[in-house]
Structures are given as structure tokens and as C-alpha cells.
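Here's the structure we're looking at; comments come further down.
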Amino acid sequence: MGANKIRVACLGAGYFAGFHYEGWQRIKRAHLVGACDRDKEKAKATGVAAFADLDHMLRMTKPDLLDIITPPPSHRPAIEAAVKAGVKTIICQKPFCQSLDEARQATAIAEEAGVSLVIHENFRFQPWYRCIKQALENELIGELQQVTFRLRTGDGQGPRAYLDRQPYFQTMPKLLIHETGVHWIDTFRFLMGEPDAVYADLRRMNPVIAGEDAGYFIFDYANGVRALFDGNRLLDHAAENCRTTLGEALIEGTKGTLSLSGQGEVSLRHFGALEENILLHAQDWQGFGGDCVRALMQHVVDGVLDGTPLENEARDYLKVIAIEQAIYQSDQKEQKIRGLDFG
């Protein structure tokens, strides 16, 4: 690895992988050296040296970093292959592996080899959540009381729900939380830390799909703060593009309230006031979700080359999977789950 550039190879060339390739092209200290997909034509379409076999790509390109952009069944084998090939940094898309046990095993494999394994959970890197985090740290709304996010993607109605973009959503046995709500498990952790307990009530509204597409989960914190995720994929919210933020949020404190709009604007209203001050203006961000894909990858490149601390390392991300399991357990048992297992 050169002092100023890191060699990057990517596994996967599907729909969302396009945001990864586009983001890597804009990172000055990264150099794309390979793209691998079972469908080699998709890999060729990236404009990077194309491969259909991961081991072959790793031998030929000798990357410093492997970006895994494939579904969970491929994660552990890909991590094992990268470790065996001497890759020192791995980014792996979420959901991470197929179970908590498998994720723990994959994490141990990387740690034992001294490999940095980062999970590509990018919502905490969206500019509006970075802005909200800074506002909380600066105590702009006083003592935090409650966080509420209303997910309203508007893409889940009727027999053709999800077929145009991500058709596999229709057959996923777990959808709302496992595929989408997991982003706010991590975002709530980013903003407030680890919860003490969770409660969930999930349901399926569209009969053509297999999993849940609406529901709630609530996080309890020891200091009395509550975080509410209210999701319904059949309904929409006020936005030119519902995929920008996927919904709206309120962050409420004793001295004011922060609001996140569907356009990605963050506003501050002081307690007792009517007017709002804009902290982050809506804009046409490049890439996906406020350019959070590129932001996470830039964060990893900076960490590798400059030695800065990494967020979302696999060992820490295991907590997200444990909380997700507790949410489904709460819904099944119709009770609050305490004593979350973060081991």
C-alpha cells in the first residue's frame, strides 16, 4: 500500500453496488483495481477490471481493501477468502452475515488475523444525523427527552410492491426491521448510546409480501430518554424523493426541538418559540442518502491511511444484530425485552 493511495477491489455489482463504485471513483486516495460478480457482464459494466471468481480477483489485483457488496450468505466465505489472501481491511455491507453466531465467527476470523473489518452501515454518516449529533453535543436543545423517527417510504402498496427496484423484498421473511429499520437501530446508538430495553409491535399490511412492513420499536435508556421508530412502508411523507431520508424525525429536549424534513433539512426551534432556525439546508447531495456511502468509505480510507479511529467495526456492530434479535423477540412475546446480550 502506498503512502497516499489504497488499492480497492469490490465483490458484487448489483443495484446498490452502483453507489459504491461511483463513490470509490470520487475518493482521491483510493484506486479501484477490480470488480467481481457471478455475472461477469455486470462486473464489466463497472468499467473496472472484471472477474467472476473472488479468489482469482484477489490473486490478480492484490488489494489493500475488499469491499463486500453482496447478500449475507456470501459474507463469511468472502471474509475468509480475503483474510487468506492477505487483505488487511474489509468493508462488509449490512445485514452482516446470516445470524449473530455467524457474525461473531466472521468477526473473530478477522480479529485473529489482525484485519480491520468495518460494517457498511452508512445512515449514521448521512449529513443530517452528523448535524443532529453535533447539536446534541453542543446542548442546543438542553436535556434530551425523546427521539422519534417516522419511516414512510411509500413503496410498499399493491401487488407490484418493490418489484421495480428490489424484488427480493417480497419474499424476505423479515423485512421492515431486518432490511430497513436496522439503520435506525444503529443511528439511535450513534445519537444516544446503547439502550437498556426494547419493545416492539410489528405487523404485515400488504398480503403479497412475506415479512412485516409496518410497526414500532421503542428503546428505553437509563436516563429516562426514549427513542421511537415508527415505520410503515405503504405510506409516504412530504418529499420530492422519499428515498432521500426515508422519513421525518423529531429530536426533543428541554430547551428546544430539532426537526428533520424529508428533504434533508435540519431545523431548530427553541422552547416556547414559533419560528425555526435552519441548521442544515436541503441540497442536491450526490450519491445515495446525502452521499453517505462515499462518506463511510472515505472514513475508512482516512482511518487506514491516517490512523484515525474507525466507526462501525464488526465487534461493535454485533450489538446492532443483538438488538435486532431482541426487537423480533419482543414482538413475538408481546413484552419488553431487558438485559440485552451484547456479548
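In the C-alpha cells, the first chain shown is A, the next is B, and so on; residue numbers restart at 1 for each chain, and ligands run from 1 in the order shown.
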
Could you give me, as a tab-separated table, a per-residue list for region 221-324 of chain A showing, wherever an atom lies at most 7 Å from an atom of region 9-26 of chain A, the closest pair of atoms and their distance in Å to one decimal, using only C-alpha atoms and sorting by chain then residue number from low to high?
residue	atom	partner	partner_atom	distance
A:Gly287	CA	A:Phe19	CA	6.3
A:Phe288	CA	A:Phe19	CA	6.6
A:Val293	CA	A:His20	CA	6.5
A:Arg294	CA	A:Gly23	CA	4.6

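For Asp164 (chain A), the list of residues within 12 Å, based on only C-alpha atoms and with local chain neighbours fewer than 6 positions off taken out, reads Tyr15, Asp155, Gly156 and Gln170 of chain A.
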
Please write the residues from the selection above to a file, keeping C-alpha atoms, as an mmCIF file, in the first residue's frame.
data_model
loop_
_atom_site.group_PDB
_atom_site.id
_atom_site.type_symbol
_atom_site.label_atom_id
_atom_site.label_comp_id
_atom_site.auth_asym_id
_atom_site.auth_seq_id
_atom_site.Cartn_x
_atom_site.Cartn_y
_atom_site.Cartn_z
ATOM 1 C CA TYR A 15 -28.230 -2.490 -7.881
ATOM 2 C CA ASP A 155 -43.099 1.936 -1.995
ATOM 3 C CA GLY A 156 -44.993 -0.931 -0.362
ATOM 4 C CA GLN A 170 -41.405 -9.516 -1.445
#

Of the residues A:Asn4, A:Thr107, A:Asn241, A:Thr70, which is the one nearest to Leu318 (chain A), using only C-alpha atoms?
A:Thr107

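Relative to CA of Thr254 (chain A), CA of Gln145 (chain A) is found at 7.0 Å.
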
With the cut-off set at 7 Å and counting only C-alpha atoms, tabulate each residue of region 92-185 of chain A with an atom at most that distance from an atom of region 202-213 of chain A, showing the nearest atom pair and its distance in Å to one decimal, ordered by chain and increasing number, as a tab-separated table.
residue	atom	partner	partner_atom	distance
A:Gln157	CA	A:Asn206	CA	6.6
A:Gly158	CA	A:Asn206	CA	6.9
A:Pro159	CA	A:Val208	CA	6.0
A:Gln170	CA	A:Ile209	CA	4.4
A:Thr171	CA	A:Ala210	CA	5.1
A:Met172	CA	A:Gly211	CA	5.8
A:Pro173	CA	A:Gly211	CA	4.4
A:Lys174	CA	A:Gly211	CA	4.6
A:Leu175	CA	A:Gly211	CA	5.2
A:Leu176	CA	A:Asp213	CA	4.9

With C-alpha atoms retained, write the just-selected residues as an mmCIF file, in the first residue's frame.
data_model
loop_
_atom_site.group_PDB
_atom_site.id
_atom_site.type_symbol
_atom_site.label_atom_id
_atom_site.label_comp_id
_atom_site.auth_asym_id
_atom_site.auth_seq_id
_atom_site.Cartn_x
_atom_site.Cartn_y
_atom_site.Cartn_z
ATOM 1 C CA GLN A 157 -48.521 -0.798 -1.753
ATOM 2 C CA GLY A 158 -50.180 -3.265 -4.112
ATOM 3 C CA PRO A 159 -49.139 -6.469 -5.871
ATOM 4 C CA GLN A 170 -41.405 -9.516 -1.445
ATOM 5 C CA THR A 171 -40.047 -12.870 -0.264
ATOM 6 C CA MET A 172 -37.923 -11.781 2.715
ATOM 7 C CA PRO A 173 -39.363 -13.401 5.884
ATOM 8 C CA LYS A 174 -38.186 -10.356 7.850
ATOM 9 C CA LEU A 175 -38.378 -7.020 6.046
ATOM 10 C CA LEU A 176 -39.146 -3.792 7.915
#

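Those residues that approach Ile327 (chain A) to within 7 Å, counting only C-alpha atoms, are Val198, Tyr199, Ala200, Phe217, Ile323, Glu324, Gln325, Gln329, Ser330 and Asp331 of chain A; same-chain residues fewer than 2 positions away are not listed.
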
How about saving the chosen residues, C-alpha atoms kept, as a short mmCIF file (atom, residue, chain, number, x, y, z; two decimals), in the first residue's frame?
data_model
loop_
_atom_site.label_atom_id
_atom_site.label_comp_id
_atom_site.auth_asym_id
_atom_site.auth_seq_id
_atom_site.Cartn_x
_atom_site.Cartn_y
_atom_site.Cartn_z
CA VAL A 198 -36.60 -2.64 23.76
CA TYR A 199 -40.28 -3.10 22.98
CA ALA A 200 -41.70 -3.84 19.53
CA PHE A 217 -39.94 -0.29 18.28
CA ILE A 323 -30.73 -5.52 19.37
CA GLU A 324 -32.44 -6.55 16.12
CA GLN A 325 -32.94 -10.04 17.54
CA GLN A 329 -38.28 -11.44 20.24
CA SER A 330 -40.26 -8.60 21.83
CA ASP A 331 -42.82 -8.68 19.04
#

Which residue is closest to Val115 (chain A)? Choose from A:Gly86, A:Pro167, A:Gly142, A:Gly303 and count only C-alpha atoms.
A:Gly86

Contacts of Gly181 (chain A) at 9 Å or less, counting only C-alpha atoms, minus same-chain residues fewer than 2 places along, as a list of chain:residue names?
A:Leu151, A:Leu175, A:Leu176, A:Ile177, A:His178, A:Glu179, A:His183, A:Trp184, A:Ile185, A:Phe229, A:Gly231, A:Glu324

Go ahead and write the residues just picked, N, CA, C and O atoms, as a JSON list (two decimals), in the first residue's frame.
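The file below, selection-v8.json, is the result:
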[["chain", "number", "residue", "atom", "x", "y", "z"],
["A", 151, "LEU", "N", -40.69, 6.40, 9.57],
["A", 151, "LEU", "CA", -40.30, 5.90, 8.26],
["A", 151, "LEU", "C", -41.54, 5.78, 7.37],
["A", 151, "LEU", "O", -42.50, 5.10, 7.73],
["A", 175, "LEU", "N", -38.63, -8.13, 6.96],
["A", 175, "LEU", "CA", -38.38, -7.02, 6.05],
["A", 175, "LEU", "C", -38.16, -5.68, 6.75],
["A", 175, "LEU", "O", -37.07, -5.12, 6.71],
["A", 176, "LEU", "N", -39.20, -5.17, 7.41],
["A", 176, "LEU", "CA", -39.15, -3.79, 7.91],
["A", 176, "LEU", "C", -37.94, -3.56, 8.82],
["A", 176, "LEU", "O", -37.21, -2.59, 8.65],
["A", 177, "ILE", "N", -37.74, -4.43, 9.78],
["A", 177, "ILE", "CA", -36.65, -4.23, 10.74],
["A", 177, "ILE", "C", -35.32, -4.74, 10.18],
["A", 177, "ILE", "O", -34.32, -4.02, 10.16],
["A", 178, "HIS", "N", -35.30, -5.98, 9.70],
["A", 178, "HIS", "CA", -34.06, -6.60, 9.27],
["A", 178, "HIS", "C", -33.41, -5.85, 8.11],
["A", 178, "HIS", "O", -32.19, -5.67, 8.08],
["A", 179, "GLU", "N", -34.22, -5.39, 7.15],
["A", 179, "GLU", "CA", -33.66, -4.74, 5.97],
["A", 179, "GLU", "C", -33.56, -3.23, 6.12],
["A", 179, "GLU", "O", -32.61, -2.63, 5.64],
["A", 183, "HIS", "N", -31.19, 0.33, 10.19],
["A", 183, "HIS", "CA", -30.45, 1.59, 10.06],
["A", 183, "HIS", "C", -30.67, 2.48, 11.29],
["A", 183, "HIS", "O", -29.74, 3.17, 11.73],
["A", 184, "TRP", "N", -31.88, 2.46, 11.83],
["A", 184, "TRP", "CA", -32.16, 3.33, 12.97],
["A", 184, "TRP", "C", -31.79, 2.69, 14.29],
["A", 184, "TRP", "O", -31.61, 3.39, 15.28],
["A", 185, "ILE", "N", -31.63, 1.37, 14.31],
["A", 185, "ILE", "CA", -31.00, 0.76, 15.49],
["A", 185, "ILE", "C", -29.62, 1.38, 15.67],
["A", 185, "ILE", "O", -29.25, 1.83, 16.75],
["A", 229, "PHE", "N", -39.08, 4.34, 16.87],
["A", 229, "PHE", "CA", -39.07, 4.13, 15.43],
["A", 229, "PHE", "C", -40.48, 3.71, 15.04],
["A", 229, "PHE", "O", -41.00, 2.71, 15.52],
["A", 231, "GLY", "N", -42.51, 2.81, 11.73],
["A", 231, "GLY", "CA", -42.30, 2.54, 10.31],
["A", 231, "GLY", "C", -43.54, 2.00, 9.61],
["A", 231, "GLY", "O", -44.26, 1.17, 10.15],
["A", 324, "GLU", "N", -31.45, -6.13, 17.11],
["A", 324, "GLU", "CA", -32.44, -6.55, 16.12],
["A", 324, "GLU", "C", -33.12, -7.84, 16.56],
["A", 324, "GLU", "O", -34.36, -7.97, 16.48]]

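Considering the residues A:Glu334, A:Ala326, A:Gly264, A:Leu340 and counting only C-alpha atoms, Cys131 (chain A) has its shortest atom-to-atom contact with A:Gly264.
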
Would you return as a ChimeraX atom specification the members of region 240-270 of chain A that DSSP assigns to strand (DSSP E or B) on this structure's backbone?
/A:247-253,256-260,266-270

Give me the residues near Met297 (chain A) as a ChimeraX atom specification, where near means some atom within 10 Å (using only C-alpha atoms) and where sequence neighbours in that chain fewer than 5 positions away do not count.
/A:20,23-24,27,30,67,91,118,120,122,125,292,302-303

Report the residues of region 77-263 of chain A whose backbone DSSP state falls under helix (DSSP H, G or I), written as a PyMOL selection string.
chain A and resi 77-84+100-112+123-125+127-137+167-171+176-192

File dump, residues just selected, C-alpha atoms, as a PDB file, in the first residue's frame:
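In the end it all went to selection-v3.pdb:
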ATOM      1  CA  PRO A  77     -16.785 -17.031   2.893  1.00  0.00           C
ATOM      2  CA  ALA A  78     -15.703 -13.725   1.352  1.00  0.00           C
ATOM      3  CA  ILE A  79     -14.152 -12.543   4.622  1.00  0.00           C
ATOM      4  CA  GLU A  80     -12.287 -15.853   4.972  1.00  0.00           C
ATOM      5  CA  ALA A  81     -11.019 -15.600   1.387  1.00  0.00           C
ATOM      6  CA  ALA A  82      -9.856 -12.018   1.863  1.00  0.00           C
ATOM      7  CA  VAL A  83      -8.063 -12.838   5.125  1.00  0.00           C
ATOM      8  CA  LYS A  84      -6.367 -15.820   3.481  1.00  0.00           C
ATOM      9  CA  LEU A 100     -25.466 -13.363  15.206  1.00  0.00           C
ATOM     10  CA  ASP A 101     -23.400 -16.538  15.711  1.00  0.00           C
ATOM     11  CA  GLU A 102     -22.053 -16.413  12.144  1.00  0.00           C
ATOM     12  CA  ALA A 103     -21.304 -12.693  12.508  1.00  0.00           C
ATOM     13  CA  ARG A 104     -19.360 -13.431  15.694  1.00  0.00           C
ATOM     14  CA  GLN A 105     -17.385 -16.114  13.867  1.00  0.00           C
ATOM     15  CA  ALA A 106     -16.584 -13.804  10.956  1.00  0.00           C
ATOM     16  CA  THR A 107     -15.543 -11.082  13.398  1.00  0.00           C
ATOM     17  CA  ALA A 108     -13.204 -13.489  15.211  1.00  0.00           C
ATOM     18  CA  ILE A 109     -11.643 -14.618  11.923  1.00  0.00           C
ATOM     19  CA  ALA A 110     -10.771 -11.018  11.048  1.00  0.00           C
ATOM     20  CA  GLU A 111      -9.554 -10.126  14.542  1.00  0.00           C
ATOM     21  CA  GLU A 112      -7.304 -13.176  14.815  1.00  0.00           C
ATOM     22  CA  PHE A 123     -27.009   6.045   7.817  1.00  0.00           C
ATOM     23  CA  ARG A 124     -25.015   7.468  10.731  1.00  0.00           C
ATOM     24  CA  PHE A 125     -22.859   9.109   8.036  1.00  0.00           C
ATOM     25  CA  PRO A 127     -25.168  14.728   6.870  1.00  0.00           C
ATOM     26  CA  TRP A 128     -28.385  15.365   8.799  1.00  0.00           C
ATOM     27  CA  TYR A 129     -27.502  12.852  11.528  1.00  0.00           C
ATOM     28  CA  ARG A 130     -23.975  14.264  11.790  1.00  0.00           C
ATOM     29  CA  CYS A 131     -25.601  17.696  12.201  1.00  0.00           C
ATOM     30  CA  ILE A 132     -28.049  16.403  14.833  1.00  0.00           C
ATOM     31  CA  LYS A 133     -25.224  14.683  16.737  1.00  0.00           C
ATOM     32  CA  GLN A 134     -23.254  17.932  16.859  1.00  0.00           C
ATOM     33  CA  ALA A 135     -26.332  19.832  18.043  1.00  0.00           C
ATOM     34  CA  LEU A 136     -26.848  17.332  20.857  1.00  0.00           C
ATOM     35  CA  GLU A 137     -23.199  17.515  21.896  1.00  0.00           C
ATOM     36  CA  PRO A 167     -37.992  -7.551  -5.917  1.00  0.00           C
ATOM     37  CA  TYR A 168     -36.475  -9.854  -3.298  1.00  0.00           C
ATOM     38  CA  PHE A 169     -38.163  -7.655  -0.673  1.00  0.00           C
ATOM     39  CA  GLN A 170     -41.405  -9.516  -1.445  1.00  0.00           C
ATOM     40  CA  THR A 171     -40.047 -12.870  -0.264  1.00  0.00           C
ATOM     41  CA  LEU A 176     -39.146  -3.792   7.915  1.00  0.00           C
ATOM     42  CA  ILE A 177     -36.646  -4.229  10.740  1.00  0.00           C
ATOM     43  CA  HIS A 178     -34.056  -6.604   9.271  1.00  0.00           C
ATOM     44  CA  GLU A 179     -33.660  -4.744   5.973  1.00  0.00           C
ATOM     45  CA  THR A 180     -34.613  -1.135   6.792  1.00  0.00           C
ATOM     46  CA  GLY A 181     -35.240  -0.446  10.475  1.00  0.00           C
ATOM     47  CA  VAL A 182     -31.776  -1.765  11.305  1.00  0.00           C
ATOM     48  CA  HIS A 183     -30.454   1.586  10.060  1.00  0.00           C
ATOM     49  CA  TRP A 184     -32.157   3.331  12.972  1.00  0.00           C
ATOM     50  CA  ILE A 185     -31.004   0.765  15.489  1.00  0.00           C
ATOM     51  CA  ASP A 186     -27.504   1.963  14.668  1.00  0.00           C
ATOM     52  CA  THR A 187     -28.499   5.624  14.244  1.00  0.00           C
ATOM     53  CA  PHE A 188     -30.145   5.691  17.673  1.00  0.00           C
ATOM     54  CA  ARG A 189     -26.983   4.105  19.103  1.00  0.00           C
ATOM     55  CA  PHE A 190     -24.902   6.773  17.342  1.00  0.00           C
ATOM     56  CA  LEU A 191     -27.009   9.571  18.813  1.00  0.00           C
ATOM     57  CA  MET A 192     -27.721   8.196  22.291  1.00  0.00           C
TER      58      MET A 192
END

Quick one: everything within 12 Å of Ser267 (chain A), counting only C-alpha atoms, minus sequence neighbours fewer than 6 positions away in the same chain. Send it as a short mmCIF file (atom, residue, chain, number, x, y, z; two decimals) with N, CA, C and O atoms, in the first residue's frame.
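File around-v4.cif, as written:
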data_model
loop_
_atom_site.label_atom_id
_atom_site.label_comp_id
_atom_site.auth_asym_id
_atom_site.auth_seq_id
_atom_site.Cartn_x
_atom_site.Cartn_y
_atom_site.Cartn_z
N TRP A 128 -27.42 14.88 7.82
CA TRP A 128 -28.39 15.37 8.80
C TRP A 128 -28.18 14.72 10.16
O TRP A 128 -28.33 15.40 11.19
N CYS A 131 -25.18 16.38 11.70
CA CYS A 131 -25.60 17.70 12.20
C CYS A 131 -26.35 17.56 13.53
O CYS A 131 -26.10 18.31 14.47
N ILE A 132 -27.27 16.61 13.61
CA ILE A 132 -28.05 16.40 14.83
C ILE A 132 -27.13 15.98 15.98
O ILE A 132 -27.28 16.46 17.11
N ALA A 135 -25.41 19.00 17.28
CA ALA A 135 -26.33 19.83 18.04
C ALA A 135 -26.57 19.27 19.44
O ALA A 135 -26.64 20.02 20.42
N LEU A 140 -27.78 22.17 22.26
CA LEU A 140 -28.64 23.21 21.68
C LEU A 140 -30.11 23.04 22.07
O LEU A 140 -30.87 24.01 22.02
N ILE A 141 -30.52 21.82 22.44
CA ILE A 141 -31.91 21.63 22.85
C ILE A 141 -32.00 21.25 24.33
O ILE A 141 -33.01 20.73 24.79
N GLU A 248 -39.24 11.27 8.40
CA GLU A 248 -39.06 12.52 9.13
C GLU A 248 -38.75 12.22 10.60
O GLU A 248 -39.12 11.17 11.12
N ALA A 249 -38.08 13.17 11.27
CA ALA A 249 -37.67 12.93 12.66
C ALA A 249 -37.88 14.16 13.52
O ALA A 249 -37.81 15.31 13.03
N LEU A 250 -38.11 13.92 14.80
CA LEU A 250 -38.11 14.95 15.84
C LEU A 250 -37.14 14.53 16.93
O LEU A 250 -37.15 13.37 17.36
N ILE A 251 -36.29 15.45 17.36
CA ILE A 251 -35.37 15.23 18.46
C ILE A 251 -35.70 16.31 19.49
O ILE A 251 -35.42 17.49 19.27
N GLU A 252 -36.30 15.91 20.61
CA GLU A 252 -36.91 16.86 21.53
C GLU A 252 -36.16 16.93 22.85
O GLU A 252 -35.83 15.91 23.45
N GLY A 256 -35.59 22.89 23.50
CA GLY A 256 -35.90 23.06 22.09
C GLY A 256 -36.08 21.74 21.38
O GLY A 256 -35.94 20.65 21.96
N THR A 257 -36.39 21.83 20.09
CA THR A 257 -36.66 20.66 19.25
C THR A 257 -35.93 20.77 17.92
O THR A 257 -35.95 21.83 17.28
N LEU A 258 -35.28 19.68 17.53
CA LEU A 258 -34.69 19.58 16.21
C LEU A 258 -35.66 18.82 15.31
O LEU A 258 -36.25 17.82 15.73
N SER A 259 -35.81 19.28 14.07
CA SER A 259 -36.69 18.62 13.11
C SER A 259 -35.90 18.24 11.88
O SER A 259 -35.12 19.04 11.36
N LEU A 260 -36.11 17.02 11.40
CA LEU A 260 -35.53 16.56 10.15
C LEU A 260 -36.66 16.41 9.14
O LEU A 260 -37.60 15.64 9.37
N SER A 261 -36.57 17.13 8.02
CA SER A 261 -37.59 17.04 6.98
C SER A 261 -37.22 15.97 5.96
O SER A 261 -36.09 15.48 5.92
N GLU A 275 -40.86 30.36 15.56
CA GLU A 275 -40.00 30.31 14.38
C GLU A 275 -38.91 29.25 14.55
O GLU A 275 -38.57 28.85 15.67
N GLU A 276 -38.37 28.82 13.41
CA GLU A 276 -37.30 27.84 13.39
C GLU A 276 -36.05 28.41 12.73
O GLU A 276 -36.16 29.24 11.83
N ASN A 277 -34.89 27.97 13.20
CA ASN A 277 -33.62 28.32 12.58
C ASN A 277 -33.09 27.09 11.85
O ASN A 277 -33.08 25.98 12.40
N ILE A 278 -32.66 27.28 10.62
CA ILE A 278 -32.16 26.15 9.83
C ILE A 278 -30.69 25.91 10.15
O ILE A 278 -29.85 26.80 10.00
N LEU A 279 -30.38 24.69 10.60
CA LEU A 279 -29.00 24.30 10.90
C LEU A 279 -28.33 23.64 9.70
O LEU A 279 -27.12 23.77 9.52
N LEU A 280 -29.12 22.93 8.90
CA LEU A 280 -28.61 22.27 7.71
C LEU A 280 -29.63 22.44 6.60
O LEU A 280 -30.77 21.98 6.72
N HIS A 281 -29.24 23.11 5.53
CA HIS A 281 -30.15 23.36 4.42
C HIS A 281 -30.25 22.12 3.53
O HIS A 281 -29.28 21.38 3.34
N ALA A 282 -31.44 21.91 2.97
CA ALA A 282 -31.62 20.87 1.98
C ALA A 282 -30.81 21.22 0.74
O ALA A 282 -30.66 22.39 0.40
#

I'd like to know which of A:Asp196, A:Asp284, A:Glu313, A:Asp236 is closest to Glu121 (chain A), using only C-alpha atoms.
A:Glu313
